[in-house]
Amino acid sequence: MGWLTEWVDRTFGLNGADREQTEQEKERARQACSMQFQHFKRLLGANAKALEAMTDMEDARRGRRVFGMSFIRAKCTTVVVNVEEIIRHLEGIAPGRYSILADRFDDIRREVSALLETGRRAGDVPLVMPLDEVDKSMADWVGSKMANVGEIKNRIGLPVAPGFVVTARGFSAFMDHQGLRDEIGKRLLTTRVEEMSERFELSEAIQRLIVDHPLPDALVEALLGQYQRLERATRPGVRVSLRSSALGEDAAGASFAGQFRSILNVGGHQLMRSYKEVVASMYSLPALTYRLNRGIRDSDAAMCVGAMVMLDPVSGGVCYSRSPFKVRDDAVYISSAWGLPKLVVDGVGTPDRFVVARQGPDGTMAVRERRVAEKRTLYVCRPEAGVVAQEQEHELISKPSLTDAQAVELARLAALLEEHYGSPQDIEWALEREGGFSILQCRPLSVAAPPRHDDAPAPRRDPSAHGTPLVGGAVTAAPGVGCGPVHVVERDPDALTFPQGGVLVARFALPKWASLLNWASAVVTEQGSVTGHLANVAREFGVPMITGAAGAVTAVESGQVATVDADIGAVYPGCVEALLRHAAPRPNLMEGSPVHSLLQEVSRLIVPLNLTDPDAPEFRACNVMTLHDITRFCHEKSVAEMFESSQEREHGDCPGKQLRDGTPVQFWVMDLEDGIDGPGDGAYVDLEDIRSVPMLALWDGISAVPWAGPPRVDARGFMTIVLEAATNPALNPVLRSKFANRNYFMITRSYCNLQSRFGFHFSTVEALVTDSPSQNYINFRFAGGAADHARRRRRAVFIAGILEQFGFYSEVRGDSLSSRYEGMPRPLTCERLKLLGYLTMHTRQLDMIMANRASAMQHREKILADIYRILPALRPSNRKPMA
């Protein structure tokens with residue numbers, strides 16, 4: 001083949017040195033492209049982690065669960081580390097263009113660090129604390145279980161047995177004493193915990209090690225001091241129960257339920273060893289396996305232990321403040337047995353069951369269901385024998401362990417606890433012989449999630465109680481119920497006539513509608529995000545809001561009265577009084593605590609999003625005010641930089657694979673992560689190997705209808721194109737220029753970024769498709785063309801009109817179109833991607849005929865006919881009713 005090389009060299013004037021230099025330049029270009037794609041991939045990953053942590057912070061700030069300083073520090077660290085990564089990778093994509101971001105980031109990071117340093121440190125906490133000094137803000141120091149017990153005793157004022165808590169500092173003092181922590185760590189590191197047999201031996205060995213290890217003198221002194229104080233307050237030789245209260249125990253998503261040990265009826269002489277046995281249960285086989293399966297590091301675990309005066313109750317059990325299975329059943333469910341609650345808690349017998357309605361026939365609480373079991377065994381305390389099982393007296397076996405009046409009183413306490421914590425509660429209780437109830441512990445109750453998205457909305461009681469909903473299957477953005485006259489807001493003038501107490505209904509959850517929340521009783525949007533600005537403000541104002549309510553704008557009429565049940569994502573006609581009983585705002589669990597105040601402060605520097613419009617003049621690096629602003633800015637700029645770079649390079653410069661599907665248009669696929677199954681065939685990849693959900697949806701539209709070629713152009717249109725091409729040589733498709741066709745997919749399994757150029761127009765489609773509607777979005781940008789500016793602009797308006805018909809929010813600036821579709825379920829998002837795939841192929845060169853209205857309308861009808869044929873669900877007559 002040497003003759004061919006010589007011919008090429010002679011023809012193009014290349015010598016050997018020139019050829020070698022050209023190859024070196026190409027290699028450098030390929031390496032630069034490969035590095036840029038790696039930076040983009042890692043930027044996307046860091047962006048997802050940062051946003052997830054921000055969402056967790058926002059949920060906690062507005063939520064109903066106990067959290068502590070460790071949660072705040074962990075989330076702040078996650079956000080800061082990943083935002084720093086995002087900036088670094090943007091610098092890798094576009095060196096030197098956004099250097100000011102690093103300075104703004106450093107300023108915000110220093111402010112966050114200064115706030116975190118003001119938090120109370122564990123070193124300030126005593127080794128052992130009396131329960132009288134504990135409340136919910138101390139979850140980091142006494143564990144969430146005992147923090148809740150202290151809150152119930154000291155803030156709510158309900159009856160709780162006196163006691164004390166060995167704190168996280170006390171636990172650390174024990175673990176650091178004579179190298180115990182180091183020895184446990186060494187054994188964990190040298191054991192293959194994945195092997196069950198080795199894990200079992202490790203568990204036994206570490207538990208023996210802990211129980212046999214001496215306590216530090218300071219901890220012994222503190223424990224005995226608190227026990228003697230308890231004796232003085234109650235009686236000499238008082239017996240106590242010891243319960244685990246590990247950091248993170250009872251937390252959402254990681255309850256550790258039943259993994260740790262509780263020891264009942266402990267005397268003073270048994271106190272030290274029993275404490276060590278509870279600590280050792282951290283390394284019981286179930287607990288060790290649980291942490292391993294959940295990916296929880298051993299270093300993150302700390303075992304606080306609560307001691308409470310041992311009761312000798314008449315009966316005891318568990319109370320659920322509402323049904324854990326029937327989401328709309330607000331009755332209180334009580335399981336009760338004679339003696340200690342052990343029979344109920346451990347599930348070793350069948351207890352009595354009481355169901356107490358919150359509103360009985362006379363409007364007050366009343367027992368609506370009673371099922372008395374045969375209770376032949378009860379658990380009682382015996383001196384020096386701990387807890388023992390004994391036979392029940394014959395006359396009590398079939399007798400209810402609670403009277404109806406006692407069941408109602410217990411239900412009242414449960415409702416009070418639920419109201420305080422703002423969420424359903426799982427309560428362990430005991431009925432003392434003097435006739436009063438004592439609360440032993442309380443933790444959040446996991447309940448069935450309300451129906452969402454495509455599921456039919458579940459009514460609160462009877463399926464036909466509230467009539468057929470006007471809108472259903474939406475997503476809860478802010479909880480609650482609201483009623484008022486509907487006011488549809490589509491344009492700025494509509495806001496001027498918004499009525500006091502109105503129900504705001506809009507297609508898009510635009511931030512500007514937040515100005516109406518002072519007057520709104522509820523908000524309904526067809527599109528939007530649960531973590532979006534409007535949703536955030538709605539939660540702050542306590543305004544119920546649902547989003548993803550497909551077809552809501554046409555399903556309601558301005559002026560009609562409607563009730564929005566945001567808890568199940570439905571809108572009912574009229575004012576439904578039965579639902580409005582649920583309209584009272586729920587208090588924030590952590591409101592007013594020092595920990596919550598600190599979270600509020602750091603969130604101010606992290607969570608708010610001020611840079612919302614990428615096309616606005618103020619969308620600049622110097623204007624970022626929060627870490628969220630930085631993530632948004634970097635994401636937008638990285639996508640834009642990747643697209644611009646793709647226009648500058650040759651196909652062979654990039655580390656992608658060419659899609660092999662038989663179409664005349666060439667596409668390249670860059671797998672950012674898990675978007676392709678298998679290594680592929682060298683430089684090619686087949687469609688059946690693609691695993692990216694959004695790419696496959698786009699491709700369905702791209703390949704659905706073969707392109708029939710350019711439209712027929714009249715003489716005037718043809719001369720306009722010739723003139724444009726003659727005055728702009730870069731548009732000549734024959735020339736080798738940065739405007740030659742470039743079609744790249746950058747994909748993961750759930751993400752896709754398509755950068756394409758067909759003829760003289762270019763477009764980008766960016767999409768995320770998951771099973772969570774609040775995360776789903778599509779961004780579409782389109783610009784360019786061969787005709788004059790007026791025709792190019794008309795084509796942008798033409799495409800925008802089609803997209804808006806199918807739920808996109810679109811904006812046209814010059815000849816550029818930006819459209820967005822977000823917050824909708826996976827099937828609907830995939831349908832819109834298929835629609836975009838079709839439009840990407842079939843709107844090319846339409847700018848040529850945009851001066852001819854008749855021709856433009858003809859093509860619109862043809863495009864809509866194609867869309868309805870390939871996506872029949874989008875045909876107006878086939879759209880599903882909202883009921």
# chains A, B, ... in the order shown; residues from 1 in each chain; ligands from 1
>>> residues_around(residues="region 484-497 of chain A", least_positions_apart="6", cutoff="10 Å", atoms="only C-alpha atoms", output="number ranges by chain")
A: 503-508, 512-513, 515-516, 520-525, 552-554, 556-564, 574-575
>>> residues_around(residues="region 150-163 of chain A", least_positions_apart="3", cutoff="10 Å", atoms="only C-alpha atoms", output="ChimeraX atom specification")
/A:129-138,142,144-147,226-227,229-230,233-234,240-242,306-311,413,416-417,420,429-430,436-442
>>> residues_around(residues="Arg620 (chain A)", least_positions_apart="4", cutoff="9 Å", atoms="only C-alpha atoms", output="NGL selection string")
:A and (611 or 614 or 616 or 624 or 633)
>>> closest_residue(among="A:Arg443, A:His859, A:Arg358, A:Arg875", to="Tyr421 (chain A)", atoms="only C-alpha atoms")
A:Arg443
>>> select_by_dssp(residues="region 170-251 of chain A", states="strand (DSSP E)", output="list in words")
Val240, Ser241, Leu242, Arg243, Ser244, Ser245 and Ala246 of chain A
>>> residues_around(residues="region 744-747 of chain A", least_positions_apart="5", cutoff="6 Å", atoms="only C-alpha atoms", output="ChimeraX atom specification")
/A:667-672,675,752-755
>>> atom_distance(atom1="CA of Gln425 (chain A)", atom2="CA of Ala357 (chain A)")
16.0 Å
>>> closest_residue(among="A:Ala74, A:Leu817, A:Ile867, A:Ala790", to="Arg832 (chain A)", atoms="only C-alpha atoms")
A:Ile867
>>> closest_residue(among="A:Tyr333, A:Tyr572, A:Tyr283, A:Phe105", to="Phe260 (chain A)", atoms="only C-alpha atoms")
A:Tyr283
>>> residues_around(residues="region 206-213 of chain A", least_positions_apart="2", cutoff="12 Å", atoms="only C-alpha atoms", output="PDB file with N, CA and C atoms, in the first residue's frame")
ATOM      1  N   PHE A 171     -19.947   5.320  76.075  1.00  0.00           N
ATOM      2  CA  PHE A 171     -19.604   4.175  75.231  1.00  0.00           C
ATOM      3  C   PHE A 171     -18.189   4.309  74.681  1.00  0.00           C
ATOM      4  N   PHE A 174     -15.571   3.491  77.237  1.00  0.00           N
ATOM      5  CA  PHE A 174     -15.430   2.045  77.407  1.00  0.00           C
ATOM      6  C   PHE A 174     -14.634   1.434  76.258  1.00  0.00           C
ATOM      7  N   MET A 175     -14.984   1.799  75.031  1.00  0.00           N
ATOM      8  CA  MET A 175     -14.327   1.201  73.871  1.00  0.00           C
ATOM      9  C   MET A 175     -12.855   1.604  73.768  1.00  0.00           C
ATOM     10  N   ASP A 176     -12.523   2.807  74.253  1.00  0.00           N
ATOM     11  CA  ASP A 176     -11.133   3.261  74.191  1.00  0.00           C
ATOM     12  C   ASP A 176     -10.304   2.760  75.369  1.00  0.00           C
ATOM     13  N   HIS A 177     -10.963   2.220  76.380  1.00  0.00           N
ATOM     14  CA  HIS A 177     -10.259   1.785  77.590  1.00  0.00           C
ATOM     15  C   HIS A 177      -9.429   0.522  77.312  1.00  0.00           C
ATOM     16  N   GLN A 178      -8.139   0.644  77.554  1.00  0.00           N
ATOM     17  CA  GLN A 178      -7.202  -0.480  77.407  1.00  0.00           C
ATOM     18  C   GLN A 178      -7.267  -1.132  76.008  1.00  0.00           C
ATOM     19  N   GLY A 179      -7.503  -0.310  74.986  1.00  0.00           N
ATOM     20  CA  GLY A 179      -7.375  -0.778  73.611  1.00  0.00           C
ATOM     21  C   GLY A 179      -8.479  -1.684  73.105  1.00  0.00           C
ATOM     22  N   LEU A 180      -9.675  -1.636  73.738  1.00  0.00           N
ATOM     23  CA  LEU A 180     -10.764  -2.535  73.304  1.00  0.00           C
ATOM     24  C   LEU A 180     -11.177  -2.253  71.860  1.00  0.00           C
ATOM     25  N   ARG A 181     -11.321  -0.981  71.486  1.00  0.00           N
ATOM     26  CA  ARG A 181     -11.749  -0.642  70.126  1.00  0.00           C
ATOM     27  C   ARG A 181     -10.746  -1.148  69.093  1.00  0.00           C
ATOM     28  N   ASP A 182      -9.460  -0.962  69.380  1.00  0.00           N
ATOM     29  CA  ASP A 182      -8.427  -1.398  68.439  1.00  0.00           C
ATOM     30  C   ASP A 182      -8.441  -2.910  68.267  1.00  0.00           C
ATOM     31  N   GLU A 183      -8.675  -3.636  69.353  1.00  0.00           N
ATOM     32  CA  GLU A 183      -8.699  -5.095  69.276  1.00  0.00           C
ATOM     33  C   GLU A 183      -9.896  -5.572  68.450  1.00  0.00           C
ATOM     34  N   ILE A 184     -11.052  -4.935  68.639  1.00  0.00           N
ATOM     35  CA  ILE A 184     -12.234  -5.308  67.842  1.00  0.00           C
ATOM     36  C   ILE A 184     -11.977  -5.004  66.369  1.00  0.00           C
ATOM     37  N   GLY A 185     -11.394  -3.822  66.093  1.00  0.00           N
ATOM     38  CA  GLY A 185     -11.098  -3.461  64.718  1.00  0.00           C
ATOM     39  C   GLY A 185     -10.152  -4.429  64.052  1.00  0.00           C
ATOM     40  N   LYS A 186      -9.158  -4.880  64.800  1.00  0.00           N
ATOM     41  CA  LYS A 186      -8.192  -5.839  64.256  1.00  0.00           C
ATOM     42  C   LYS A 186      -8.890  -7.146  63.886  1.00  0.00           C
ATOM     43  N   ARG A 187      -9.785  -7.604  64.744  1.00  0.00           N
ATOM     44  CA  ARG A 187     -10.485  -8.869  64.456  1.00  0.00           C
ATOM     45  C   ARG A 187     -11.432  -8.722  63.264  1.00  0.00           C
ATOM     46  N   LEU A 188     -12.062  -7.569  63.145  1.00  0.00           N
ATOM     47  CA  LEU A 188     -12.935  -7.355  61.992  1.00  0.00           C
ATOM     48  C   LEU A 188     -12.141  -7.345  60.692  1.00  0.00           C
ATOM     49  N   THR A 191     -10.940 -10.954  59.476  1.00  0.00           N
ATOM     50  CA  THR A 191     -11.960 -12.002  59.317  1.00  0.00           C
ATOM     51  C   THR A 191     -12.725 -11.796  58.020  1.00  0.00           C
ATOM     52  N   ARG A 199     -18.127 -15.440  60.280  1.00  0.00           N
ATOM     53  CA  ARG A 199     -18.860 -14.354  60.916  1.00  0.00           C
ATOM     54  C   ARG A 199     -19.422 -14.796  62.261  1.00  0.00           C
ATOM     55  N   PHE A 200     -19.889 -16.034  62.334  1.00  0.00           N
ATOM     56  CA  PHE A 200     -20.430 -16.566  63.591  1.00  0.00           C
ATOM     57  C   PHE A 200     -19.334 -16.625  64.657  1.00  0.00           C
ATOM     58  N   GLU A 201     -18.174 -17.147  64.295  1.00  0.00           N
ATOM     59  CA  GLU A 201     -17.072 -17.234  65.255  1.00  0.00           C
ATOM     60  C   GLU A 201     -16.623 -15.841  65.694  1.00  0.00           C
ATOM     61  N   LEU A 202     -16.584 -14.894  64.743  1.00  0.00           N
ATOM     62  CA  LEU A 202     -16.206 -13.527  65.067  1.00  0.00           C
ATOM     63  C   LEU A 202     -17.196 -12.921  66.049  1.00  0.00           C
ATOM     64  N   SER A 203     -18.488 -13.125  65.807  1.00  0.00           N
ATOM     65  CA  SER A 203     -19.524 -12.586  66.688  1.00  0.00           C
ATOM     66  C   SER A 203     -19.346 -13.098  68.111  1.00  0.00           C
ATOM     67  N   GLU A 204     -19.168 -14.397  68.260  1.00  0.00           N
ATOM     68  CA  GLU A 204     -18.999 -14.983  69.597  1.00  0.00           C
ATOM     69  C   GLU A 204     -17.755 -14.428  70.279  1.00  0.00           C
ATOM     70  N   LEU A 215     -14.614  -2.014  82.768  1.00  0.00           N
ATOM     71  CA  LEU A 215     -15.082  -0.662  82.506  1.00  0.00           C
ATOM     72  C   LEU A 215     -14.089   0.343  83.088  1.00  0.00           C
ATOM     73  N   PRO A 216     -13.930   1.488  82.468  1.00  0.00           N
ATOM     74  CA  PRO A 216     -13.060   2.518  83.068  1.00  0.00           C
ATOM     75  C   PRO A 216     -13.646   3.012  84.385  1.00  0.00           C
ATOM     76  N   MET A 272     -23.289  -3.390  86.001  1.00  0.00           N
ATOM     77  CA  MET A 272     -22.118  -3.250  85.133  1.00  0.00           C
ATOM     78  C   MET A 272     -22.080  -4.337  84.059  1.00  0.00           C
ATOM     79  N   ARG A 273     -22.282  -5.581  84.492  1.00  0.00           N
ATOM     80  CA  ARG A 273     -22.217  -6.669  83.515  1.00  0.00           C
ATOM     81  C   ARG A 273     -23.363  -6.580  82.511  1.00  0.00           C
ATOM     82  N   SER A 274     -24.565  -6.230  82.995  1.00  0.00           N
ATOM     83  CA  SER A 274     -25.706  -6.133  82.082  1.00  0.00           C
ATOM     84  C   SER A 274     -25.484  -5.029  81.047  1.00  0.00           C
ATOM     85  N   TYR A 275     -24.885  -3.916  81.481  1.00  0.00           N
ATOM     86  CA  TYR A 275     -24.552  -2.852  80.531  1.00  0.00           C
ATOM     87  C   TYR A 275     -23.629  -3.394  79.439  1.00  0.00           C
ATOM     88  N   LYS A 276     -22.611  -4.134  79.830  1.00  0.00           N
ATOM     89  CA  LYS A 276     -21.669  -4.674  78.847  1.00  0.00           C
ATOM     90  C   LYS A 276     -22.345  -5.691  77.935  1.00  0.00           C
ATOM     91  N   GLU A 277     -23.330  -6.419  78.432  1.00  0.00           N
ATOM     92  CA  GLU A 277     -24.034  -7.386  77.580  1.00  0.00           C
ATOM     93  C   GLU A 277     -24.875  -6.680  76.516  1.00  0.00           C
ATOM     94  N   VAL A 278     -25.479  -5.551  76.876  1.00  0.00           N
ATOM     95  CA  VAL A 278     -26.226  -4.785  75.876  1.00  0.00           C
ATOM     96  C   VAL A 278     -25.271  -4.229  74.820  1.00  0.00           C
ATOM     97  N   VAL A 279     -24.120  -3.694  75.261  1.00  0.00           N
ATOM     98  CA  VAL A 279     -23.123  -3.194  74.316  1.00  0.00           C
ATOM     99  C   VAL A 279     -22.647  -4.322  73.406  1.00  0.00           C
ATOM    100  N   ALA A 280     -22.411  -5.506  73.988  1.00  0.00           N
ATOM    101  CA  ALA A 280     -21.924  -6.641  73.206  1.00  0.00           C
ATOM    102  C   ALA A 280     -22.911  -7.060  72.137  1.00  0.00           C
ATOM    103  N   SER A 281     -24.212  -6.775  72.343  1.00  0.00           N
ATOM    104  CA  SER A 281     -25.210  -7.180  71.344  1.00  0.00           C
ATOM    105  C   SER A 281     -25.045  -6.424  70.031  1.00  0.00           C
ATOM    106  N   MET A 282     -24.233  -5.363  70.014  1.00  0.00           N
ATOM    107  CA  MET A 282     -23.865  -4.727  68.749  1.00  0.00           C
ATOM    108  C   MET A 282     -23.229  -5.720  67.796  1.00  0.00           C
ATOM    109  N   TYR A 283     -22.575  -6.743  68.369  1.00  0.00           N
ATOM    110  CA  TYR A 283     -21.842  -7.714  67.564  1.00  0.00           C
ATOM    111  C   TYR A 283     -22.505  -9.090  67.601  1.00  0.00           C
ATOM    112  N   SER A 284     -23.789  -9.112  67.981  1.00  0.00           N
ATOM    113  CA  SER A 284     -24.536 -10.361  67.817  1.00  0.00           C
ATOM    114  C   SER A 284     -24.589 -10.694  66.334  1.00  0.00           C
ATOM    115  N   LEU A 285     -24.796 -11.946  66.018  1.00  0.00           N
ATOM    116  CA  LEU A 285     -24.800 -12.347  64.607  1.00  0.00           C
ATOM    117  C   LEU A 285     -25.863 -11.589  63.809  1.00  0.00           C
ATOM    118  N   ALA A 287     -27.123  -8.562  64.368  1.00  0.00           N
ATOM    119  CA  ALA A 287     -26.742  -7.156  64.222  1.00  0.00           C
ATOM    120  C   ALA A 287     -25.545  -7.005  63.289  1.00  0.00           C
ATOM    121  N   LEU A 288     -24.579  -7.906  63.422  1.00  0.00           N
ATOM    122  CA  LEU A 288     -23.399  -7.850  62.555  1.00  0.00           C
ATOM    123  C   LEU A 288     -23.798  -8.069  61.102  1.00  0.00           C
TER     124      LEU A 288
END
>>> residues_around(residues="Lys49 (chain A)", least_positions_apart="3", cutoff="12 Å", atoms="only C-alpha atoms", output="ChimeraX atom specification")
/A:42-46,52-56,75-86,628,631
>>> residues_around(residues="Ala796 (chain A)", least_positions_apart="6", cutoff="9 Å", atoms="only C-alpha atoms", output="list of chain:residue names")
A:Phe782, A:Ala783, A:Val812, A:Arg813, A:Gly814, A:Asp815, A:Ser816, A:Leu817, A:Asp847
>>> closest_residue(among="A:Pro383, A:Gly480, A:Gly501, A:Pro825", to="Val769 (chain A)", atoms="only C-alpha atoms")
A:Pro825
>>> atom_distance(atom1="CA of Gly482 (chain A)", atom2="CA of Pro469 (chain A)")
14.4 Å
>>> closest_residue(among="A:Thr764, A:Asn610, A:Ser818, A:Ser638", to="His89 (chain A)", atoms="only C-alpha atoms")
A:Ser638
